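Next comes input.txt, with compact mmCIF, C-alpha atoms and all ligand atoms.
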# COMPACT_ATOMS: atom_id res chain seq x y z
CA MET A 1 -45.75 85.85 12.00
CA LEU A 2 -42.54 86.40 13.98
CA ARG A 3 -39.69 88.34 12.36
CA ASP A 4 -36.40 86.39 12.06
CA LYS A 5 -33.50 88.55 13.32
CA GLY A 6 -30.87 85.87 12.53
CA ILE A 7 -27.86 84.98 14.73
CA ASP A 8 -27.46 88.11 16.82
CA MET A 9 -27.01 88.71 20.52
CA THR A 10 -27.94 92.41 20.30
CA LEU A 11 -31.58 91.65 21.14
CA HIS A 12 -30.51 89.51 24.11
CA TYR A 13 -28.48 92.43 25.51
CA LYS A 14 -31.32 94.84 24.78
CA PHE A 15 -33.73 92.61 26.73
CA ASN A 16 -31.26 92.51 29.65
CA GLU A 17 -30.21 96.18 29.34
CA GLN A 18 -30.79 96.87 33.08
CA THR A 19 -28.20 94.21 33.98
CA TYR A 20 -25.49 96.07 32.07
CA ASP A 21 -26.53 99.64 32.91
CA PRO A 22 -24.24 101.11 35.63
CA GLN A 23 -27.08 103.41 36.68
CA SER A 24 -29.75 100.73 37.28
CA LEU A 25 -30.27 99.03 40.67
CA LYS A 26 -29.00 95.75 39.27
CA GLY A 27 -26.06 97.52 37.63
CA LYS A 28 -25.07 99.18 40.90
CA TYR A 29 -25.27 95.82 42.68
CA ARG A 30 -23.06 94.21 40.00
CA MET A 31 -20.57 97.07 40.26
CA LYS A 32 -20.20 96.46 44.03
CA GLN A 33 -19.67 92.76 43.32
CA PHE A 34 -16.98 93.56 40.73
CA VAL A 35 -15.21 96.00 43.07
CA ARG A 36 -15.08 93.22 45.70
CA ILE A 37 -13.82 90.58 43.26
CA LEU A 38 -11.23 92.88 41.65
CA ALA A 39 -9.99 94.10 45.05
CA GLU A 40 -9.57 90.52 46.25
CA TYR A 41 -8.06 88.88 43.15
CA LEU A 42 -6.23 91.54 41.13
CA GLY A 43 -3.64 92.32 43.84
CA ILE A 44 -1.43 94.59 41.72
CA LYS A 45 -0.07 98.11 41.82
CA LYS A 46 -2.61 100.58 40.51
CA GLY A 47 -1.99 101.55 36.91
CA LYS A 48 -3.42 101.16 33.45
CA ALA A 49 -5.97 98.38 33.03
CA LEU A 50 -7.69 97.01 29.94
CA ASP A 51 -11.27 95.77 30.45
CA ILE A 52 -12.28 93.46 27.58
CA GLY A 53 -16.02 93.17 26.81
CA CYS A 54 -16.87 96.19 28.98
CA ALA A 55 -20.48 96.73 27.71
CA MET A 56 -21.79 99.94 29.37
CA GLY A 57 -18.76 100.10 31.66
CA ILE A 58 -19.79 98.51 34.97
CA SER A 59 -16.54 96.53 35.19
CA THR A 60 -14.47 99.46 33.86
CA PHE A 61 -15.91 101.89 36.43
CA ALA A 62 -15.27 99.26 39.13
CA LEU A 63 -11.58 99.29 38.12
CA GLU A 64 -11.58 103.11 38.24
CA GLN A 65 -13.19 103.04 41.71
CA LEU A 66 -10.23 100.91 42.86
CA GLY A 67 -7.78 103.54 41.61
CA HIS A 68 -6.79 102.02 38.24
CA LYS A 69 -6.73 103.94 34.95
CA PRO A 70 -8.96 101.76 32.81
CA ILE A 71 -9.72 101.47 29.13
CA GLY A 72 -12.85 99.52 28.25
CA ILE A 73 -13.36 97.88 24.85
CA ASP A 74 -16.44 96.28 23.36
CA THR A 75 -17.79 95.33 19.93
CA SER A 76 -21.18 97.00 20.57
CA LYS A 77 -21.34 100.55 19.23
CA TYR A 78 -24.43 101.20 21.37
CA PHE A 79 -22.78 100.01 24.62
CA ILE A 80 -19.58 102.00 23.96
CA GLN A 81 -21.55 105.18 23.28
CA ARG A 82 -23.59 104.69 26.49
CA ALA A 83 -20.39 104.04 28.50
CA LYS A 84 -18.76 107.22 27.09
CA ASP A 85 -21.89 109.27 27.91
CA ILE A 86 -21.99 108.01 31.52
CA ALA A 87 -18.24 108.66 31.98
CA SER A 88 -18.54 112.23 30.71
CA ARG A 89 -21.71 112.97 32.74
CA LYS A 90 -20.12 111.61 35.95
CA LYS A 91 -16.70 113.15 35.14
CA LEU A 92 -15.01 109.74 35.29
CA SER A 93 -11.65 109.17 33.61
CA SER A 94 -12.35 105.69 32.13
CA LYS A 95 -11.86 105.62 28.36
CA PHE A 96 -13.92 103.50 25.96
CA TYR A 97 -13.20 102.21 22.46
CA LEU A 98 -15.14 100.20 19.93
CA LYS A 99 -12.71 97.35 19.37
CA LYS A 100 -12.53 93.56 19.07
CA ALA A 101 -10.50 91.72 21.71
CA VAL A 102 -8.30 90.18 18.99
CA ASP A 103 -7.19 93.70 17.95
CA ILE A 104 -6.01 95.00 21.37
CA GLU A 105 -2.48 95.73 20.16
CA THR A 106 -3.87 98.52 17.91
CA LEU A 107 -4.57 100.62 21.05
CA LYS A 108 -0.75 100.91 21.35
CA GLN A 109 -0.77 100.87 25.17
CA THR A 110 0.67 98.67 27.90
CA TYR A 111 -1.17 97.69 31.08
CA ASN A 112 -0.75 96.35 34.60
CA ALA A 113 -3.95 94.35 34.17
CA VAL A 114 -6.16 92.85 31.46
CA THR A 115 -9.61 91.82 32.73
CA PHE A 116 -12.60 89.89 31.38
CA MET A 117 -15.42 90.56 33.87
CA GLY A 118 -19.05 89.42 33.97
CA ASN A 119 -18.64 86.39 31.70
CA PRO A 120 -17.81 87.72 28.22
CA LEU A 121 -16.19 84.37 27.27
CA PRO A 122 -19.21 82.72 25.55
CA HIS A 123 -18.62 85.22 22.71
CA PHE A 124 -15.11 83.87 22.07
CA THR A 125 -14.19 80.93 19.85
CA MET A 126 -11.17 78.86 20.96
CA ASP A 127 -9.07 80.58 18.30
CA GLU A 128 -10.20 84.09 19.32
CA LEU A 129 -9.48 83.51 23.01
CA ASP A 130 -6.08 81.95 22.21
CA THR A 131 -5.16 85.00 20.09
CA THR A 132 -6.49 87.45 22.70
CA ILE A 133 -4.50 85.76 25.49
CA ARG A 134 -1.32 85.79 23.34
CA LYS A 135 -1.82 89.49 22.59
CA SER A 136 -2.62 90.20 26.26
CA TRP A 137 0.82 88.78 27.15
CA ASN A 138 2.34 91.24 24.64
CA VAL A 139 0.54 94.32 26.04
CA LEU A 140 0.96 93.47 29.75
CA ASN A 141 3.86 94.88 31.76
CA ILE A 142 6.15 92.35 33.49
CA GLU A 143 4.27 90.92 36.53
CA GLY A 144 1.03 92.27 35.01
CA VAL A 145 -2.13 90.27 35.74
CA ILE A 146 -4.70 88.70 33.43
CA LEU A 147 -8.01 87.98 35.15
CA PHE A 148 -11.13 86.14 33.96
CA HIS A 149 -14.47 86.23 35.79
CA TYR A 150 -16.75 83.75 34.08
CA MET A 151 -19.24 80.94 34.18
CA ASP A 152 -18.10 77.31 34.04
CA TRP A 153 -20.41 76.21 31.25
CA ILE A 154 -19.45 72.51 31.45
CA ASP A 155 -20.58 72.45 35.08
CA ARG A 156 -23.76 74.32 34.12
CA LEU A 157 -24.57 71.96 31.24
CA PHE A 158 -24.18 68.92 33.50
CA SER A 159 -26.01 70.27 36.51
CA SER A 160 -28.68 72.82 35.70
CA TYR A 161 -28.95 73.58 32.00
CA LYS A 162 -32.50 74.56 31.11
CA ARG A 163 -33.56 73.29 27.68
CA MET A 164 -36.48 75.70 27.88
CA LEU A 165 -36.42 78.97 29.79
CA VAL A 166 -38.87 81.79 30.44
CA GLU A 167 -37.15 85.03 31.49
CA LYS A 168 -38.67 88.31 32.64
CA ASN A 169 -36.74 91.60 32.60
CA ALA A 170 -37.04 94.75 34.74
CA GLU A 171 -39.80 96.03 32.41
CA ASN A 172 -41.74 92.76 32.91
CA GLU A 173 -41.20 91.76 29.27
CA ILE A 174 -41.00 88.03 28.57
CA MET A 175 -38.27 86.22 26.62
CA LEU A 176 -38.60 82.51 25.87
CA SER A 177 -35.62 80.41 24.85
CA TYR A 178 -35.09 76.83 23.72
CA HIS A 179 -31.99 74.71 23.35
CA SER A 180 -31.43 74.00 19.65
CA THR A 181 -27.91 72.71 18.89
CA LEU A 182 -24.81 71.41 20.65
CA ASP A 183 -21.85 71.68 18.27
CA THR A 184 -18.95 69.70 19.74
CA GLU A 185 -16.71 70.46 16.73
CA THR A 186 -16.51 74.15 17.66
CA GLY A 187 -17.42 73.87 21.37
CA ALA A 188 -20.62 75.90 21.15
CA PHE A 189 -24.34 75.55 21.70
CA GLU A 190 -27.19 77.52 20.19
CA ARG A 191 -30.51 78.61 21.62
CA LEU A 192 -33.56 79.98 19.89
CA PHE A 193 -34.91 83.11 21.61
CA ILE A 194 -38.45 84.40 21.14
CA LEU A 195 -39.65 87.87 22.13
CA PRO A 196 -43.45 87.38 21.93
CA GLU A 197 -44.36 91.02 22.67
CA LYS A 198 -41.95 92.30 19.99
CA GLY A 199 -42.91 89.60 17.50
CA GLU A 200 -39.23 88.70 16.95
CA PHE A 201 -37.01 85.67 17.21
CA PHE A 202 -33.26 85.27 17.01
CA ARG A 203 -30.58 82.66 17.62
CA GLY A 204 -27.74 82.98 20.12
CA ARG A 205 -24.48 81.07 19.83
CA PHE A 206 -22.49 80.51 23.05
CA TYR A 207 -18.98 79.07 23.26
CA ILE A 208 -18.46 76.72 26.18
CA TRP A 209 -15.65 77.56 28.62
CA SER A 210 -14.48 75.83 31.78
CA PRO A 211 -11.48 76.47 34.08
CA TRP A 212 -9.16 73.82 32.59
CA LEU A 213 -9.61 75.17 29.06
CA ILE A 214 -8.67 78.72 30.11
CA GLU A 215 -5.75 77.42 32.19
CA PHE A 216 -4.50 75.44 29.17
CA LEU A 217 -4.54 78.54 26.92
CA LEU A 218 -2.77 80.60 29.62
CA GLN A 219 -0.01 77.96 29.96
CA LYS A 220 0.33 77.69 26.17
CA ASN A 221 0.80 81.47 26.00
CA ARG A 222 3.59 81.58 28.67
CA PHE A 223 1.59 82.92 31.62
CA LYS A 224 2.73 81.78 35.09
CA LYS A 225 1.20 81.39 38.58
CA ILE A 226 -2.12 80.32 37.06
CA GLU A 227 -4.84 79.94 39.70
CA SER A 228 -8.57 79.27 39.44
CA THR A 229 -11.00 79.88 42.31
CA ASN A 230 -14.65 78.89 42.50
CA LEU A 231 -16.76 81.82 43.72
CA GLY A 232 -19.74 79.57 44.47
CA GLY A 233 -22.20 78.07 41.99
CA HIS A 234 -20.88 78.10 38.43
CA MET A 235 -18.87 81.33 38.73
CA TRP A 236 -15.07 81.27 38.69
CA VAL A 237 -12.09 83.58 38.69
CA THR A 238 -8.94 82.50 36.88
CA LYS A 239 -5.87 84.66 37.32
CA ALA A 240 -2.34 84.46 35.91
CA ILE A 241 0.82 86.57 35.86
CA ARG A 242 2.78 87.69 32.80
C1 LIG B 301 -21.60 89.39 29.23
S1 LIG B 301 -21.20 90.97 28.64
C2 LIG B 301 -20.16 91.52 29.97
C3 LIG B 301 -20.13 93.01 30.05
C4 LIG B 301 -19.45 93.69 31.24
N1 LIG B 301 -18.10 93.24 31.48
C5 LIG B 301 -20.31 93.58 32.45
O1 LIG B 301 -20.13 92.62 33.20
O2 LIG B 301 -21.20 94.42 32.62
C6 LIG B 301 -20.02 90.64 27.33
C7 LIG B 301 -19.68 91.82 26.43
O3 LIG B 301 -18.64 91.40 25.54
C8 LIG B 301 -18.83 92.07 24.30
N2 LIG B 301 -18.07 91.33 23.27
C9 LIG B 301 -18.47 90.26 22.55
N3 LIG B 301 -17.49 89.83 21.73
C10 LIG B 301 -16.44 90.67 21.95
C11 LIG B 301 -15.13 90.76 21.39
N4 LIG B 301 -14.70 89.87 20.47
N5 LIG B 301 -14.30 91.74 21.81
C12 LIG B 301 -14.73 92.64 22.75
N6 LIG B 301 -15.96 92.61 23.32
C13 LIG B 301 -16.80 91.63 22.92
C14 LIG B 301 -20.33 92.08 24.11
O4 LIG B 301 -20.73 93.09 23.20
C15 LIG B 301 -20.81 92.32 25.55
O5 LIG B 301 -21.02 93.68 25.80
Starting from the file, give its structure as structure tokens.
Ligand SMILES: C[S@@+](CC[C@H](N)C(=O)[O-])C[C@H]1O[C@@H](n2cnc3c(N)ncnc32)[C@H](O)[C@@H]1O
Amino acid sequence: MLRDKGIDMTLHYKFNEQTYDPQSLKGKYRMKQFVRILAEYLGIKKGKALDIGCAMGISTFALEQLGHKPIGIDTSKYFIQRAKDIASRKKLSSKFYLKKAVDIETLKQTYNAVTFMGNPLPHFTMDELDTTIRKSWNVLNIEGVILFHYMDWIDRLFSSYKRMLVEKNAENEIMLSYHSTLDTETGAFERLFILPEKGEFFRGRFYIWSPWLIEFLLQKNRFKKIESTNLGGHMWVTKAIR
């Protein structure tokens, strides 16, 4: 019998831990990618930056490498603790807080940049992203930049969505997943994930985002100079100025 772990993405992140670990080979590769993307698209004076959905800090450390003073926030206690440990071991100045994106004003700081790197958007409902963008406008300095690096899920669903998927991680463990629901009232789909070696299954809920939806929320929340760029495949950067 498999154990039901409910709707929870913790197991998904645990399976893909190497991807989010700044010290793994994959993590180091992703950090280089982020440094390149941030250097090319952020284009602002160095200063304080808020990295939303930072996980173990790859994107936050990329900002620090470029000379910014970053704060990373995430809702995972485990990821935030790991990010803090790495920062203290490597004597890095990035700060990390356990915090939801919709509560960013409680950090009582202002920033030159607010970033969402490595596709954190599937965790956000329409309402949560709208609120987070509105609050980002409030905490950004004039001419500050908001930057999203994300997957266009509409494009993905039309072109290469896999109803069934077999994934292998760095430890050669297998994770199977199956499409289960498309909910067009909330803009989300669900997949059923099975970890055969662990004897566990869980469901993941992913909110669907695409450039025009993000651009609409940015316009609605008074951002200007909104620009989206396709990085190849399904990956995009959308940038706007406060
Ligand atoms: C796809 S990962 C990206 C992590 C990181 N930026 C990177 O690329 O390595 C998304 C992260 O967003 C976090 N997250 C989910 N919902 C969040 C929320 N409402 N506020 C802040 N972080 C959130 C998750 O815990 C997860 O670590």
Do a neighbour search on Gln18 (chain A) at 12 Å with only C-alpha atoms, toss out local chain neighbours closer than 2 positions, and write the hits as a VMD selection string. chain A and resid 12 to 16 20 to 30 55 to 56 58 168 to 172
Do you know which residues are at most 7 Å from region 211-227 of chain A counting all atoms listed in the file, after dropping those on the same chain fewer than 5 positions away, and could you put them as a list in words?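 Listed by chain and then number, they are Asp130, Ile133, Arg134, Asp152, Thr238, Lys239, Ala240, Ile241 and Arg242 of chain A.
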Set the cut-off to 7 Å, count all atoms listed in the file, and list whatever residues fall near ligand LIG 301 (chain B) as a JSON list (two decimals) with C-alpha atoms, in the frame of the given file.
[["chain", "number", "residue", "atom", "x", "y", "z"],
["A", 20, "TYR", "CA", -25.49, 96.07, 32.07],
["A", 52, "ILE", "CA", -12.28, 93.46, 27.58],
["A", 53, "GLY", "CA", -16.02, 93.17, 26.81],
["A", 54, "CYS", "CA", -16.87, 96.19, 28.98],
["A", 55, "ALA", "CA", -20.48, 96.73, 27.71],
["A", 56, "MET", "CA", -21.79, 99.94, 29.37],
["A", 57, "GLY", "CA", -18.76, 100.10, 31.66],
["A", 58, "ILE", "CA", -19.79, 98.51, 34.97],
["A", 59, "SER", "CA", -16.54, 96.53, 35.19],
["A", 73, "ILE", "CA", -13.36, 97.88, 24.85],
["A", 74, "ASP", "CA", -16.44, 96.28, 23.36],
["A", 75, "THR", "CA", -17.79, 95.33, 19.93],
["A", 76, "SER", "CA", -21.18, 97.00, 20.57],
["A", 79, "PHE", "CA", -22.78, 100.01, 24.62],
["A", 99, "LYS", "CA", -12.71, 97.35, 19.37],
["A", 100, "LYS", "CA", -12.53, 93.56, 19.07],
["A", 101, "ALA", "CA", -10.50, 91.72, 21.71],
["A", 102, "VAL", "CA", -8.30, 90.18, 18.99],
["A", 116, "PHE", "CA", -12.60, 89.89, 31.38],
["A", 117, "MET", "CA", -15.42, 90.56, 33.87],
["A", 118, "GLY", "CA", -19.05, 89.42, 33.97],
["A", 119, "ASN", "CA", -18.64, 86.39, 31.70],
["A", 120, "PRO", "CA", -17.81, 87.72, 28.22],
["A", 123, "HIS", "CA", -18.62, 85.22, 22.71],
["A", 124, "PHE", "CA", -15.11, 83.87, 22.07]]
Quote the spacing between CA of Trp153 (chain A) and CA of Lys135 (chain A) in Å to one decimal place. 24.4 Å
Grab the CA of Asp103 (chain A) to CA of Gly144 (chain A) distance for me, in Å with one decimal place.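 It comes out at 19.0 Å.
Reported to one decimal place, the separation of CA of Phe96 (chain A) from CA of Ser228 (chain A) is 28.2 Å.
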Residues near Leu42 (chain A), anyone? I mean within 12 Å using all atoms listed in the file, not counting same-chain ones fewer than 3 positions away, as a PDB file with C-alpha atoms, keeping the file's coordinate frame.
ATOM      1  CA  PHE A  34     -16.980  93.560  40.730  1.00  0.00           C
ATOM      2  CA  VAL A  35     -15.210  96.000  43.070  1.00  0.00           C
ATOM      3  CA  ARG A  36     -15.080  93.220  45.700  1.00  0.00           C
ATOM      4  CA  ILE A  37     -13.820  90.580  43.260  1.00  0.00           C
ATOM      5  CA  LEU A  38     -11.230  92.880  41.650  1.00  0.00           C
ATOM      6  CA  ALA A  39      -9.990  94.100  45.050  1.00  0.00           C
ATOM      7  CA  LYS A  45      -0.070  98.110  41.820  1.00  0.00           C
ATOM      8  CA  LYS A  46      -2.610 100.580  40.510  1.00  0.00           C
ATOM      9  CA  GLY A  47      -1.990 101.550  36.910  1.00  0.00           C
ATOM     10  CA  ALA A  49      -5.970  98.380  33.030  1.00  0.00           C
ATOM     11  CA  LEU A  63     -11.580  99.290  38.120  1.00  0.00           C
ATOM     12  CA  LEU A  66     -10.230 100.910  42.860  1.00  0.00           C
ATOM     13  CA  HIS A  68      -6.790 102.020  38.240  1.00  0.00           C
ATOM     14  CA  ASN A 112      -0.750  96.350  34.600  1.00  0.00           C
ATOM     15  CA  ALA A 113      -3.950  94.350  34.170  1.00  0.00           C
ATOM     16  CA  VAL A 114      -6.160  92.850  31.460  1.00  0.00           C
ATOM     17  CA  THR A 115      -9.610  91.820  32.730  1.00  0.00           C
ATOM     18  CA  PHE A 116     -12.600  89.890  31.380  1.00  0.00           C
ATOM     19  CA  MET A 117     -15.420  90.560  33.870  1.00  0.00           C
ATOM     20  CA  GLU A 143       4.270  90.920  36.530  1.00  0.00           C
ATOM     21  CA  GLY A 144       1.030  92.270  35.010  1.00  0.00           C
ATOM     22  CA  VAL A 145      -2.130  90.270  35.740  1.00  0.00           C
ATOM     23  CA  ILE A 146      -4.700  88.700  33.430  1.00  0.00           C
ATOM     24  CA  LEU A 147      -8.010  87.980  35.150  1.00  0.00           C
ATOM     25  CA  PHE A 148     -11.130  86.140  33.960  1.00  0.00           C
ATOM     26  CA  HIS A 149     -14.470  86.230  35.790  1.00  0.00           C
ATOM     27  CA  GLU A 227      -4.840  79.940  39.700  1.00  0.00           C
ATOM     28  CA  VAL A 237     -12.090  83.580  38.690  1.00  0.00           C
ATOM     29  CA  THR A 238      -8.940  82.500  36.880  1.00  0.00           C
ATOM     30  CA  LYS A 239      -5.870  84.660  37.320  1.00  0.00           C
ATOM     31  CA  ALA A 240      -2.340  84.460  35.910  1.00  0.00           C
ATOM     32  CA  ILE A 241       0.820  86.570  35.860  1.00  0.00           C
TER      33      ILE A 241
END
Mind rebuilding region 159-173 of chain A with N, CA and C atoms and writing that out as a PDB file, in the coordinates of the input?
ATOM      1  N   SER A 159     -25.227  70.212  35.277  1.00  0.00           N
ATOM      2  CA  SER A 159     -26.010  70.270  36.510  1.00  0.00           C
ATOM      3  C   SER A 159     -27.369  70.957  36.366  1.00  0.00           C
ATOM      4  N   SER A 160     -27.413  72.083  35.634  1.00  0.00           N
ATOM      5  CA  SER A 160     -28.680  72.820  35.700  1.00  0.00           C
ATOM      6  C   SER A 160     -29.034  73.533  34.394  1.00  0.00           C
ATOM      7  N   TYR A 161     -28.621  72.945  33.277  1.00  0.00           N
ATOM      8  CA  TYR A 161     -28.950  73.580  32.000  1.00  0.00           C
ATOM      9  C   TYR A 161     -30.443  73.462  31.742  1.00  0.00           C
ATOM     10  N   LYS A 162     -31.054  74.570  31.372  1.00  0.00           N
ATOM     11  CA  LYS A 162     -32.500  74.560  31.110  1.00  0.00           C
ATOM     12  C   LYS A 162     -32.722  74.515  29.597  1.00  0.00           C
ATOM     13  N   ARG A 163     -33.313  73.404  29.129  1.00  0.00           N
ATOM     14  CA  ARG A 163     -33.560  73.290  27.680  1.00  0.00           C
ATOM     15  C   ARG A 163     -34.610  74.307  27.245  1.00  0.00           C
ATOM     16  N   MET A 164     -35.511  74.647  28.172  1.00  0.00           N
ATOM     17  CA  MET A 164     -36.480  75.700  27.880  1.00  0.00           C
ATOM     18  C   MET A 164     -36.483  76.675  29.033  1.00  0.00           C
ATOM     19  N   LEU A 165     -36.525  77.960  28.735  1.00  0.00           N
ATOM     20  CA  LEU A 165     -36.420  78.970  29.790  1.00  0.00           C
ATOM     21  C   LEU A 165     -37.373  80.119  29.501  1.00  0.00           C
ATOM     22  N   VAL A 166     -38.033  80.600  30.563  1.00  0.00           N
ATOM     23  CA  VAL A 166     -38.870  81.790  30.440  1.00  0.00           C
ATOM     24  C   VAL A 166     -38.224  82.855  31.322  1.00  0.00           C
ATOM     25  N   GLU A 167     -37.793  83.964  30.711  1.00  0.00           N
ATOM     26  CA  GLU A 167     -37.150  85.030  31.490  1.00  0.00           C
ATOM     27  C   GLU A 167     -38.005  86.287  31.446  1.00  0.00           C
ATOM     28  N   LYS A 168     -37.948  87.052  32.552  1.00  0.00           N
ATOM     29  CA  LYS A 168     -38.670  88.310  32.640  1.00  0.00           C
ATOM     30  C   LYS A 168     -37.644  89.392  32.948  1.00  0.00           C
ATOM     31  N   ASN A 169     -37.705  90.544  32.285  1.00  0.00           N
ATOM     32  CA  ASN A 169     -36.740  91.600  32.600  1.00  0.00           C
ATOM     33  C   ASN A 169     -37.355  92.646  33.534  1.00  0.00           C
ATOM     34  N   ALA A 170     -36.580  93.723  33.788  1.00  0.00           N
ATOM     35  CA  ALA A 170     -37.040  94.750  34.740  1.00  0.00           C
ATOM     36  C   ALA A 170     -38.325  95.425  34.262  1.00  0.00           C
ATOM     37  N   GLU A 171     -38.559  95.409  32.953  1.00  0.00           N
ATOM     38  CA  GLU A 171     -39.800  96.030  32.410  1.00  0.00           C
ATOM     39  C   GLU A 171     -40.942  95.016  32.317  1.00  0.00           C
ATOM     40  N   ASN A 172     -40.738  93.831  32.935  1.00  0.00           N
ATOM     41  CA  ASN A 172     -41.740  92.760  32.910  1.00  0.00           C
ATOM     42  C   ASN A 172     -42.014  92.207  31.520  1.00  0.00           C
ATOM     43  N   GLU A 173     -41.054  92.391  30.602  1.00  0.00           N
ATOM     44  CA  GLU A 173     -41.200  91.760  29.270  1.00  0.00           C
ATOM     45  C   GLU A 173     -40.734  90.308  29.387  1.00  0.00           C
TER      46      GLU A 173
END
